[in-house]
Every structure is written in C-alpha cells, then in structure tokens.
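Engineer: Next up, target-v5.pdb (PDB, C-alpha atoms, pLDDT in the B column).
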```
ATOM      1  CA  MET A 266     -14.334   6.856   9.901  1.00 46.00           C
ATOM      2  CA  THR A 267     -11.092   6.344   8.041  1.00 48.00           C
ATOM      3  CA  LYS A 268      -8.742   9.259   7.548  1.00 51.00           C
ATOM      4  CA  LYS A 269      -5.041   9.723   6.767  1.00 55.00           C
ATOM      5  CA  GLY A 270      -4.012   6.166   7.511  1.00 56.00           C
ATOM      6  CA  LYS A 271      -5.948   6.044  10.771  1.00 62.00           C
ATOM      7  CA  SER A 272      -9.082   4.095  11.473  1.00 63.00           C
ATOM      8  CA  TYR A 273     -11.543   4.643  14.290  1.00 58.00           C
ATOM      9  CA  TYR A 274     -12.627   1.022  13.882  1.00 60.00           C
ATOM     10  CA  VAL A 275      -9.104  -0.308  14.458  1.00 62.00           C
ATOM     11  CA  ASP A 276      -8.248   2.154  17.222  1.00 62.00           C
ATOM     12  CA  LYS A 277     -11.441   2.023  19.289  1.00 61.00           C
ATOM     13  CA  TRP A 278     -13.954  -0.648  18.230  1.00 62.00           C
ATOM     14  CA  ASN A 279     -11.675  -3.586  17.453  1.00 70.00           C
ATOM     15  CA  PRO A 280      -8.118  -3.088  18.702  1.00 71.00           C
ATOM     16  CA  SER A 281      -7.448  -6.806  18.105  1.00 76.00           C
ATOM     17  CA  ALA A 282      -7.254  -5.907  14.400  1.00 77.00           C
ATOM     18  CA  LYS A 283      -3.834  -4.418  15.161  1.00 81.00           C
ATOM     19  CA  ALA A 284      -2.523  -7.987  15.284  1.00 85.00           C
ATOM     20  CA  PHE A 285      -2.823  -8.027  11.491  1.00 88.00           C
ATOM     21  CA  ILE A 286      -0.698  -4.887  11.021  1.00 87.00           C
ATOM     22  CA  ASN A 287       2.924  -5.594  10.113  1.00 92.00           C
ATOM     23  CA  THR A 288       5.698  -3.164  11.041  1.00 91.00           C
ATOM     24  CA  CYS A 289       9.200  -3.461   9.587  1.00 94.00           C
ATOM     25  CA  SER A 290      11.705  -3.843  12.398  1.00 94.00           C
ATOM     26  CA  LEU A 291      14.254  -1.648  10.604  1.00 93.00           C
ATOM     27  CA  CYS A 292      12.504   1.220   8.841  1.00 93.00           C
ATOM     28  CA  GLY A 293       9.178   1.198  10.708  1.00 90.00           C
ATOM     29  CA  ALA A 294       7.046   0.931   7.565  1.00 92.00           C
ATOM     30  CA  GLN A 295       3.541  -0.312   8.286  1.00 89.00           C
ATOM     31  CA  GLY A 296       1.137  -2.359   6.207  1.00 91.00           C
ATOM     32  CA  TYR A 297      -1.346  -5.139   6.627  1.00 91.00           C
ATOM     33  CA  ASN A 298      -0.395  -8.791   6.819  1.00 93.00           C
ATOM     34  CA  PRO A 299      -1.002 -10.335   3.372  1.00 93.00           C
ATOM     35  CA  SER A 300      -2.563 -13.387   5.040  1.00 91.00           C
ATOM     36  CA  ILE A 301      -5.847 -11.470   5.336  1.00 89.00           C
ATOM     37  CA  ASP A 302      -6.147 -11.619   1.535  1.00 86.00           C
ATOM     38  CA  GLU A 303      -6.008 -15.416   1.539  1.00 83.00           C
ATOM     39  CA  GLU A 304      -9.045 -17.567   0.922  1.00 77.00           C
ATOM     40  CA  GLY A 305      -9.446 -18.920   4.476  1.00 76.00           C
ATOM     41  CA  PHE A 306      -9.412 -15.605   6.372  1.00 76.00           C
ATOM     42  CA  VAL A 307     -13.115 -14.906   5.794  1.00 74.00           C
ATOM     43  CA  HIS A 308     -15.346 -17.972   5.603  1.00 66.00           C
ATOM     44  CA  PRO A 309     -18.665 -17.897   3.735  1.00 62.00           C
ATOM     45  CA  ALA A 310     -20.559 -19.145   6.813  1.00 59.00           C
ATOM     46  CA  PRO A 311     -22.490 -16.261   8.418  1.00 59.00           C
ATOM     47  CA  ASP A 312     -21.264 -16.429  12.006  1.00 55.00           C
ATOM     48  CA  LYS A 313     -19.923 -13.562  14.119  1.00 55.00           C
ATOM     49  CA  THR A 314     -16.242 -14.384  13.586  1.00 54.00           C
ATOM     50  CA  ASP A 315     -16.597 -14.107   9.838  1.00 69.00           C
ATOM     51  CA  PHE A 316     -18.268 -10.705  10.049  1.00 76.00           C
ATOM     52  CA  VAL A 317     -15.448  -9.523  12.296  1.00 78.00           C
ATOM     53  CA  HIS A 318     -12.795 -10.860   9.912  1.00 81.00           C
ATOM     54  CA  HIS A 319     -14.618  -9.293   6.975  1.00 82.00           C
ATOM     55  CA  ALA A 320     -14.656  -5.913   8.771  1.00 81.00           C
ATOM     56  CA  ILE A 321     -10.978  -6.232   9.703  1.00 82.00           C
ATOM     57  CA  ARG A 322      -9.995  -6.991   6.106  1.00 87.00           C
ATOM     58  CA  ALA A 323     -12.125  -4.174   4.696  1.00 84.00           C
ATOM     59  CA  GLU A 324     -10.752  -1.599   7.124  1.00 82.00           C
ATOM     60  CA  LEU A 325      -7.083  -2.579   6.893  1.00 84.00           C
ATOM     61  CA  THR A 326      -7.095  -2.735   3.091  1.00 87.00           C
ATOM     62  CA  ALA A 327      -8.674   0.732   3.028  1.00 84.00           C
ATOM     63  CA  ILE A 328      -5.988   2.387   5.163  1.00 82.00           C
ATOM     64  CA  LEU A 329      -2.851   0.315   4.468  1.00 85.00           C
ATOM     65  CA  SER A 330      -1.132  -1.555   1.687  1.00 91.00           C
ATOM     66  CA  PRO A 331       0.158  -5.128   1.998  1.00 94.00           C
ATOM     67  CA  LEU A 332       3.522  -5.498   3.739  1.00 95.00           C
ATOM     68  CA  PRO A 333       5.015  -8.979   3.769  1.00 95.00           C
ATOM     69  CA  LEU A 334       7.851  -9.457   6.265  1.00 95.00           C
ATOM     70  CA  ASP A 335      10.624 -12.039   6.243  1.00 94.00           C
ATOM     71  CA  ASN A 336      11.497 -14.227   9.227  1.00 93.00           C
ATOM     72  CA  LEU A 337      13.615 -11.398  10.691  1.00 93.00           C
ATOM     73  CA  GLY A 338      10.736  -8.907  10.553  1.00 93.00           C
ATOM     74  CA  ARG A 339      12.164  -6.920   7.631  1.00 95.00           C
ATOM     75  CA  CYS A 340      10.237  -5.546   4.665  1.00 95.00           C
ATOM     76  CA  ALA A 341      11.411  -6.514   1.171  1.00 94.00           C
ATOM     77  CA  GLN A 342      13.224  -3.215   0.621  1.00 94.00           C
ATOM     78  CA  CYS A 343      15.218  -3.400   3.881  1.00 94.00           C
ATOM     79  CA  ALA A 344      15.994  -7.075   3.338  1.00 94.00           C
ATOM     80  CA  LYS A 345      17.338  -6.312  -0.143  1.00 94.00           C
ATOM     81  CA  LEU A 346      19.536  -3.488   1.150  1.00 93.00           C
ATOM     82  CA  MET A 347      20.910  -5.544   4.034  1.00 91.00           C
ATOM     83  CA  ASP A 348      21.563  -8.610   1.894  1.00 88.00           C
ATOM     84  CA  GLU A 349      23.505  -6.545  -0.662  1.00 87.00           C
ATOM     85  CA  ASN A 350      25.919  -5.277   1.973  1.00 74.00           C
TER      86      ASN A 350
END
```
Would you kindly transcribe this structure into structure tokens?

Structural biologist:
Amino acid sequence: MTKKGKSYYVDKWNPSAKAFINTCSLCGAQGYNPSIDEEGFVHPAPDKTDFVHHAIRAELTAILSPLPLDNLGRCAQCAKLMDEN
C-alpha cells in the first residue's frame, strides 16, 4: 500500500516510523534518516523489535530517498547555498 510517496503503513499502522523521516528546515525536502541503513538498525535476532525495524526500513526506503541533515537541520544542498553566501 505504497503510492506516490505515501505509505499506509507509515500513516496508519506504525506512525512511530515518522521519527525516521528527515525534513530540511529550509526547503522542506523529505527523506529517510540514513541511520536506518546502518548495520545495527535491524538485528539478526528474531524478536518483535527487529521485525518492526525491518518493516520500517523496507517501507521508508521504498517511498523516500536518504536525506542526511547537518546539525542545523539543513539538507546538503541548502547548507551549500547558505555557506557560499
């Protein structure tokens, strides 16, 4: 149930997954937090938390692209533009 950048899973079943969505404070671009791609986000042990984290990663990577933010909450493009001026 994923369509046009929206996910029924994120919106209705697991709204806590929104905590892993980054939004640029300047331009409003959205993407997933790159930390979900790291090794420790999903553990190989089959407990409930790991299934939830696996589902969160699968859904967010399907609808969004990675968006790292700096310490001011800016995407790389906005940070570059602001630092030039």

Engineer: Please indicate the distance in Å from CA of Glu304 (chain A) to CA of Lys345 (chain A), rounded to one decimal place.

Structural biologist: 28.7 Å

Engineer: Which residue out of A:Gln342, A:Thr288, A:Thr326, A:Asn350 has the minimum interatomic distance to Ile301 (chain A) when all atoms listed in the file are used?

Structural biologist: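 Nearest to Ile301 (chain A): A:Thr326.
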
Engineer: Expressed in Å to a single decimal, how great is the separation between CA of Gln295 (chain A) and CA of Cys343 (chain A)?

Structural biologist: 12.9 Å

Engineer: For the structure shown, which residues end up in the PyMOL selection byres ((chain A and resi 322) around 12)? Put them as a ChimeraX atom specification, please?

Structural biologist: /A:274-275,279,282-286,297-304,306-307,315-321,323-331

Engineer: I want to know what sits within 9 Å of Cys289 (chain A), based on all atoms listed in the file, with residues of the same chain fewer than 6 positions away left out; could you give that as a PyMOL selection string?

Structural biologist: chain A and resi 295-296+332+334+338-340+343

Engineer: Please determine an axis-aligned box that encloses all atoms of region 299-302 of chain A listed in the file, with 6 Å added on each side, and express its centre and edge lengths in Å to one decimal as AutoDock Vina command-line options.

Structural biologist:
```
--center_x -3.6 --center_y -11.9 --center_z 3.4 --size_x 17.1 --size_y 15.1 --size_z 15.8
```

Engineer: Rebuild region 293-304 of chain A so that it carries all heavy atoms, then output the result as an mmCIF file, keeping the file's coordinate frame.

Structural biologist:
```cif
data_model
loop_
_atom_site.group_PDB
_atom_site.id
_atom_site.type_symbol
_atom_site.label_atom_id
_atom_site.label_comp_id
_atom_site.auth_asym_id
_atom_site.auth_seq_id
_atom_site.Cartn_x
_atom_site.Cartn_y
_atom_site.Cartn_z
ATOM 1 N N GLY A 293 10.436 0.810 10.072
ATOM 2 C CA GLY A 293 9.178 1.198 10.708
ATOM 3 C C GLY A 293 8.003 1.315 9.765
ATOM 4 O O GLY A 293 6.932 1.767 10.175
ATOM 5 N N ALA A 294 8.163 0.883 8.521
ATOM 6 C CA ALA A 294 7.046 0.931 7.565
ATOM 7 C C ALA A 294 5.923 0.029 8.063
ATOM 8 O O ALA A 294 6.177 -1.027 8.650
ATOM 9 C CB ALA A 294 7.513 0.472 6.191
ATOM 10 N N GLN A 295 4.687 0.468 7.848
ATOM 11 C CA GLN A 295 3.541 -0.312 8.286
ATOM 12 C C GLN A 295 2.660 -0.691 7.110
ATOM 13 O O GLN A 295 2.518 0.062 6.153
ATOM 14 C CB GLN A 295 2.696 0.462 9.299
ATOM 15 C CG GLN A 295 3.318 0.556 10.651
ATOM 16 C CD GLN A 295 2.336 1.080 11.681
ATOM 17 O OE1 GLN A 295 1.433 1.842 11.356
ATOM 18 N NE2 GLN A 295 2.517 0.660 12.917
ATOM 19 N N GLY A 296 2.064 -1.856 7.199
ATOM 20 C CA GLY A 296 1.137 -2.359 6.207
ATOM 21 C C GLY A 296 0.383 -3.523 6.813
ATOM 22 O O GLY A 296 0.693 -3.964 7.912
ATOM 23 N N TYR A 297 -0.595 -4.009 6.079
ATOM 24 C CA TYR A 297 -1.346 -5.139 6.627
ATOM 25 C C TYR A 297 -0.685 -6.452 6.241
ATOM 26 O O TYR A 297 0.040 -6.549 5.258
ATOM 27 C CB TYR A 297 -2.817 -5.092 6.228
ATOM 28 C CG TYR A 297 -3.115 -5.312 4.756
ATOM 29 C CD1 TYR A 297 -3.228 -6.589 4.232
ATOM 30 C CD2 TYR A 297 -3.328 -4.233 3.910
ATOM 31 C CE1 TYR A 297 -3.528 -6.791 2.905
ATOM 32 C CE2 TYR A 297 -3.627 -4.422 2.580
ATOM 33 C CZ TYR A 297 -3.731 -5.706 2.081
ATOM 34 O OH TYR A 297 -4.017 -5.911 0.771
ATOM 35 N N ASN A 298 -0.926 -7.459 7.057
ATOM 36 C CA ASN A 298 -0.395 -8.791 6.819
ATOM 37 C C ASN A 298 -1.104 -9.381 5.600
ATOM 38 O O ASN A 298 -2.331 -9.461 5.583
ATOM 39 C CB ASN A 298 -0.645 -9.661 8.051
ATOM 40 C CG ASN A 298 0.054 -10.989 7.975
ATOM 41 O OD1 ASN A 298 0.287 -11.525 6.913
ATOM 42 N ND2 ASN A 298 0.388 -11.517 9.137
ATOM 43 N N PRO A 299 -0.374 -9.799 4.578
ATOM 44 C CA PRO A 299 -1.002 -10.335 3.372
ATOM 45 C C PRO A 299 -1.858 -11.575 3.610
ATOM 46 O O PRO A 299 -2.651 -11.949 2.758
ATOM 47 C CB PRO A 299 0.176 -10.658 2.455
ATOM 48 C CG PRO A 299 1.289 -9.829 2.945
ATOM 49 C CD PRO A 299 1.076 -9.675 4.419
ATOM 50 N N SER A 300 -1.751 -12.192 4.764
ATOM 51 C CA SER A 300 -2.563 -13.387 5.040
ATOM 52 C C SER A 300 -4.053 -13.066 5.097
ATOM 53 O O SER A 300 -4.878 -13.970 4.923
ATOM 54 C CB SER A 300 -2.126 -14.032 6.354
ATOM 55 O OG SER A 300 -2.440 -13.203 7.453
ATOM 56 N N ILE A 301 -4.418 -11.803 5.300
ATOM 57 C CA ILE A 301 -5.847 -11.470 5.336
ATOM 58 C C ILE A 301 -6.466 -11.491 3.939
ATOM 59 O O ILE A 301 -7.685 -11.501 3.818
ATOM 60 C CB ILE A 301 -6.134 -10.119 6.030
ATOM 61 C CG1 ILE A 301 -5.616 -8.939 5.232
ATOM 62 C CG2 ILE A 301 -5.572 -10.113 7.440
ATOM 63 C CD1 ILE A 301 -6.037 -7.588 5.793
ATOM 64 N N ASP A 302 -5.637 -11.523 2.902
ATOM 65 C CA ASP A 302 -6.147 -11.619 1.535
ATOM 66 C C ASP A 302 -6.358 -13.066 1.100
ATOM 67 O O ASP A 302 -6.925 -13.313 0.041
ATOM 68 C CB ASP A 302 -5.184 -10.943 0.551
ATOM 69 C CG ASP A 302 -5.191 -9.437 0.690
ATOM 70 O OD1 ASP A 302 -6.230 -8.882 1.092
ATOM 71 O OD2 ASP A 302 -4.150 -8.817 0.401
ATOM 72 N N GLU A 303 -5.890 -14.009 1.905
ATOM 73 C CA GLU A 303 -6.008 -15.416 1.539
ATOM 74 C C GLU A 303 -7.437 -15.899 1.670
ATOM 75 O O GLU A 303 -8.257 -15.308 2.369
ATOM 76 C CB GLU A 303 -5.069 -16.263 2.395
ATOM 77 C CG GLU A 303 -3.614 -15.982 2.115
ATOM 78 C CD GLU A 303 -2.685 -16.748 3.033
ATOM 79 O OE1 GLU A 303 -3.161 -17.547 3.860
ATOM 80 O OE2 GLU A 303 -1.470 -16.525 2.924
ATOM 81 N N GLU A 304 -7.704 -17.004 1.017
ATOM 82 C CA GLU A 304 -9.045 -17.567 0.922
ATOM 83 C C GLU A 304 -9.657 -17.911 2.276
ATOM 84 O O GLU A 304 -10.823 -17.687 2.502
ATOM 85 C CB GLU A 304 -8.971 -18.834 0.051
ATOM 86 C CG GLU A 304 -10.261 -19.307 -0.517
ATOM 87 C CD GLU A 304 -10.891 -18.351 -1.499
ATOM 88 O OE1 GLU A 304 -10.195 -17.645 -2.243
ATOM 89 O OE2 GLU A 304 -12.131 -18.303 -1.505
#
```
